[in-house]
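Asker: Supplied in structure tokens, the structure appears directly below.
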Amino acid sequence: AQSVAQPEDQVNVAEGNPLTVKCTYSVSGNPYLFWYVQYPNRGLQFLLKYITGDNLVKGSYGFEAEFNKSQTSFHLKKPSALVSDSALYFCAVRDGNYGQNFVFGPGTRLSVLP
Amino acid sequence: EAGVAQSPRYKIIEKRQSVAFWCNPISGHATLYWYQQILGQGPKLLIQFQNNGVVDDSQLPKDRFSAERLKGVDSTLKIQPAKLEDSAVYLCASSFYGGLAGTVSSYEQYFGPGTRLTVT
């Protein structure tokens, strides 16, 4: 069965600095990987996905993520953080070969300080 | 393009009562998901529909939870009777095509605003 870990409950970064939110995964087959963001009292919003191809994927709001197969990681990054990026971030995985359902990580709360 | 609609947004009930949630997915999306999100945790899939058929309900507590998707569009999720531990946000999501394993398609899910359920 697939699983997702987000090792940091909270990430704090100063506005203008680069940010990284970490995600590692475990699947039997090929991983389909996703990042979602959740703002207070709102549903999750899709940011980006990796299915196949280039290991560096670009998404909404200037975010990008790098797929690293050897380290089974899919870290979310942004070169310059904004205060408005403060939210809850979820990594999710689906096994492209053996599963149909998505598994979400526990979430990482990002706080960007002005 | 209209997003995923859910109602009600908030619901407070007493334990042992019943409650129902409604979801209208994005037009043309064949796959519909119901998730339970307990405070401080990531969403947990309860049930996945492909059109009006159930693809995965392995984590649905079937003794008290039920869901249907008549005509392959709107869906309802019901809890009867509710327990204190059912207090959570219930999220509905849809995607163009959930796909069988191994096929490449548009997997990203679009979520509704959720229904916050409080069981007292």
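Residues are referred to by chain and number: the chain letter is A, B, ... according to the order shown in the structure tokens, the number counts from 1 in that chain, and ligands are numbered separately from 1 in the order shown.
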Kindly provide, as a ChimeraX atom specification, the residues of chain A having any atom no farther than 12 Å from an atom of chain B, counting only C-alpha atoms.
Answerer: /A:3-6,9-10,29-52,88-109
Asker: Suppose we keep N, CA and C atoms; can you now write the selection as a short mmCIF file (atom, residue, chain, number, x, y, z; two decimals), in the first residue's frame?
Answerer:
```cif
data_model
loop_
_atom_site.label_atom_id
_atom_site.label_comp_id
_atom_site.auth_asym_id
_atom_site.auth_seq_id
_atom_site.Cartn_x
_atom_site.Cartn_y
_atom_site.Cartn_z
N SER A 3 2.06 5.14 0.82
CA SER A 3 2.07 6.01 1.99
C SER A 3 2.84 7.27 1.68
N VAL A 4 2.57 8.30 2.47
CA VAL A 4 3.22 9.60 2.30
C VAL A 4 3.65 10.12 3.66
N ALA A 5 4.85 10.68 3.72
CA ALA A 5 5.33 11.30 4.95
C ALA A 5 5.69 12.75 4.67
N GLN A 6 5.29 13.61 5.56
CA GLN A 6 5.72 15.01 5.54
C GLN A 6 6.38 15.23 6.90
N ASP A 9 5.95 19.32 10.71
CA ASP A 9 4.60 19.82 10.97
C ASP A 9 4.48 21.28 10.60
N GLN A 10 5.58 22.02 10.78
CA GLN A 10 5.55 23.48 10.61
C GLN A 10 6.85 23.91 9.95
N GLY A 29 4.46 0.52 -7.30
CA GLY A 29 4.66 0.75 -8.73
C GLY A 29 5.20 2.14 -8.99
N ASN A 30 4.81 2.71 -10.10
CA ASN A 30 5.23 4.07 -10.44
C ASN A 30 4.43 5.11 -9.66
N PRO A 31 5.10 6.09 -9.07
CA PRO A 31 4.36 7.07 -8.27
C PRO A 31 3.77 8.19 -9.12
N TYR A 32 2.52 8.50 -8.85
CA TYR A 32 1.89 9.72 -9.34
C TYR A 32 1.82 10.64 -8.12
N LEU A 33 2.45 11.80 -8.19
CA LEU A 33 2.63 12.66 -7.02
C LEU A 33 1.97 14.01 -7.22
N PHE A 34 1.43 14.56 -6.13
CA PHE A 34 0.65 15.79 -6.19
C PHE A 34 0.95 16.65 -4.97
N TRP A 35 0.82 17.97 -5.17
CA TRP A 35 0.81 18.91 -4.07
C TRP A 35 -0.49 19.71 -4.10
N TYR A 36 -1.07 19.87 -2.91
CA TYR A 36 -2.27 20.67 -2.75
C TYR A 36 -2.03 21.68 -1.63
N VAL A 37 -2.74 22.81 -1.70
CA VAL A 37 -2.66 23.82 -0.66
C VAL A 37 -4.06 24.06 -0.10
N GLN A 38 -4.13 24.28 1.21
CA GLN A 38 -5.42 24.53 1.86
C GLN A 38 -5.34 25.81 2.66
N TYR A 39 -6.17 26.77 2.28
CA TYR A 39 -6.29 28.01 3.03
C TYR A 39 -7.40 27.86 4.06
N PRO A 40 -7.40 28.66 5.12
CA PRO A 40 -8.39 28.52 6.20
C PRO A 40 -9.83 28.51 5.68
N ASN A 41 -10.60 27.55 6.15
CA ASN A 41 -12.03 27.43 5.83
C ASN A 41 -12.29 27.26 4.33
N ARG A 42 -11.32 26.71 3.64
CA ARG A 42 -11.51 26.45 2.22
C ARG A 42 -11.06 25.05 1.88
N GLY A 43 -11.54 24.54 0.75
CA GLY A 43 -11.11 23.23 0.30
C GLY A 43 -9.69 23.25 -0.23
N LEU A 44 -9.20 22.08 -0.58
CA LEU A 44 -7.85 21.98 -1.11
C LEU A 44 -7.79 22.46 -2.55
N GLN A 45 -6.68 23.11 -2.87
CA GLN A 45 -6.46 23.58 -4.24
C GLN A 45 -5.25 22.87 -4.83
N PHE A 46 -5.38 22.39 -6.05
CA PHE A 46 -4.31 21.70 -6.74
C PHE A 46 -3.20 22.68 -7.10
N LEU A 47 -1.95 22.29 -6.81
CA LEU A 47 -0.78 23.12 -7.15
C LEU A 47 -0.02 22.56 -8.35
N LEU A 48 0.34 21.28 -8.27
CA LEU A 48 1.13 20.69 -9.34
C LEU A 48 1.13 19.17 -9.19
N LYS A 49 1.60 18.51 -10.26
CA LYS A 49 1.65 17.05 -10.23
C LYS A 49 2.86 16.55 -11.01
N TYR A 50 3.32 15.35 -10.65
CA TYR A 50 4.30 14.62 -11.42
C TYR A 50 3.68 13.29 -11.80
N ILE A 51 3.63 13.03 -13.10
CA ILE A 51 3.16 11.72 -13.59
C ILE A 51 4.31 11.01 -14.28
N THR A 52 4.95 11.71 -15.20
CA THR A 52 6.08 11.15 -15.92
C THR A 52 6.84 12.31 -16.54
N LEU A 88 -1.70 25.59 4.67
CA LEU A 88 -1.42 24.18 4.95
C LEU A 88 -1.17 23.47 3.63
N TYR A 89 -0.08 22.74 3.52
CA TYR A 89 0.31 22.09 2.29
C TYR A 89 0.28 20.57 2.46
N PHE A 90 -0.35 19.91 1.48
CA PHE A 90 -0.48 18.46 1.51
C PHE A 90 0.17 17.84 0.28
N CYS A 91 0.95 16.81 0.53
CA CYS A 91 1.50 15.97 -0.52
C CYS A 91 0.61 14.74 -0.65
N ALA A 92 0.40 14.25 -1.86
CA ALA A 92 -0.43 13.07 -2.07
C ALA A 92 0.22 12.17 -3.12
N VAL A 93 -0.04 10.88 -3.00
CA VAL A 93 0.53 9.92 -3.94
C VAL A 93 -0.54 8.92 -4.36
N ARG A 94 -0.41 8.49 -5.60
CA ARG A 94 -1.22 7.39 -6.11
C ARG A 94 -0.27 6.42 -6.78
N ASP A 95 -0.49 5.13 -6.58
CA ASP A 95 0.32 4.13 -7.24
C ASP A 95 -0.17 3.99 -8.67
N GLY A 96 0.67 4.35 -9.63
CA GLY A 96 0.25 4.33 -11.02
C GLY A 96 0.02 2.94 -11.59
N ASN A 97 0.54 1.92 -10.92
CA ASN A 97 0.41 0.57 -11.44
C ASN A 97 -0.59 -0.29 -10.68
N TYR A 98 -0.67 -0.08 -9.37
CA TYR A 98 -1.42 -1.03 -8.55
C TYR A 98 -2.56 -0.44 -7.75
N GLY A 99 -2.75 0.86 -7.81
CA GLY A 99 -3.80 1.42 -6.96
C GLY A 99 -4.60 2.47 -7.68
N GLN A 100 -5.79 2.71 -7.17
CA GLN A 100 -6.61 3.75 -7.78
C GLN A 100 -6.85 4.90 -6.83
N ASN A 101 -6.64 4.67 -5.54
CA ASN A 101 -6.97 5.73 -4.60
C ASN A 101 -5.73 6.54 -4.23
N PHE A 102 -6.01 7.76 -3.83
CA PHE A 102 -4.97 8.68 -3.41
C PHE A 102 -4.74 8.54 -1.91
N VAL A 103 -3.50 8.73 -1.49
CA VAL A 103 -3.17 8.82 -0.07
C VAL A 103 -2.53 10.17 0.17
N PHE A 104 -3.06 10.89 1.13
CA PHE A 104 -2.54 12.21 1.47
C PHE A 104 -1.62 12.12 2.68
N GLY A 105 -0.62 12.99 2.70
CA GLY A 105 0.22 13.14 3.88
C GLY A 105 -0.51 13.92 4.95
N PRO A 106 0.10 14.05 6.12
CA PRO A 106 -0.55 14.73 7.26
C PRO A 106 -0.59 16.25 7.15
N GLY A 107 0.17 16.78 6.21
CA GLY A 107 0.17 18.23 6.02
C GLY A 107 1.33 18.92 6.72
N THR A 108 1.76 20.03 6.14
CA THR A 108 2.79 20.90 6.72
C THR A 108 2.26 22.31 6.72
N ARG A 109 2.29 22.95 7.86
CA ARG A 109 1.83 24.34 7.94
C ARG A 109 3.00 25.26 7.64
#
```
Asker: Neighbours of range 15-17 of chain A within 6 Å (only C-alpha atoms; same-chain residues fewer than 2 positions away dropped), as a ChimeraX atom specification?
Answerer: /A:80-82,112-114
Asker: Please dump the current selection as a short mmCIF file (atom, residue, chain, number, x, y, z; two decimals), in the first residue's frame; keep N, CA and C atoms.
Answerer:
```cif
data_model
loop_
_atom_site.label_atom_id
_atom_site.label_comp_id
_atom_site.auth_asym_id
_atom_site.auth_seq_id
_atom_site.Cartn_x
_atom_site.Cartn_y
_atom_site.Cartn_z
N SER A 80 11.11 32.53 -3.85
CA SER A 80 10.92 33.71 -3.02
C SER A 80 9.54 33.66 -2.39
N ALA A 81 9.48 33.45 -1.09
CA ALA A 81 8.20 33.26 -0.40
C ALA A 81 7.45 34.58 -0.22
N LEU A 82 6.12 34.48 -0.27
CA LEU A 82 5.24 35.61 -0.01
C LEU A 82 4.43 35.34 1.26
N VAL A 112 4.90 32.25 6.51
CA VAL A 112 5.85 33.19 5.92
C VAL A 112 5.75 34.49 6.71
N LEU A 113 6.87 34.85 7.30
CA LEU A 113 6.89 36.00 8.21
C LEU A 113 7.33 37.26 7.47
N PRO A 114 6.60 38.36 7.68
CA PRO A 114 6.95 39.60 6.97
C PRO A 114 8.24 40.20 7.49
#
```
Asker: In Å, rounded to a single decimal, give me how far CA of Ser7 in chain B is from CA of Ile79 in chain B.
Answerer: 14.6 Å
Asker: Step one, run DSSP on the backbone; step two, keep only residues of range 36-91 of chain A assigned to strand (DSSP E or B); then write them as number ranges by chain.
Answerer: A: 36-38, 44-50, 56-58, 64-68, 73-78, 87-91
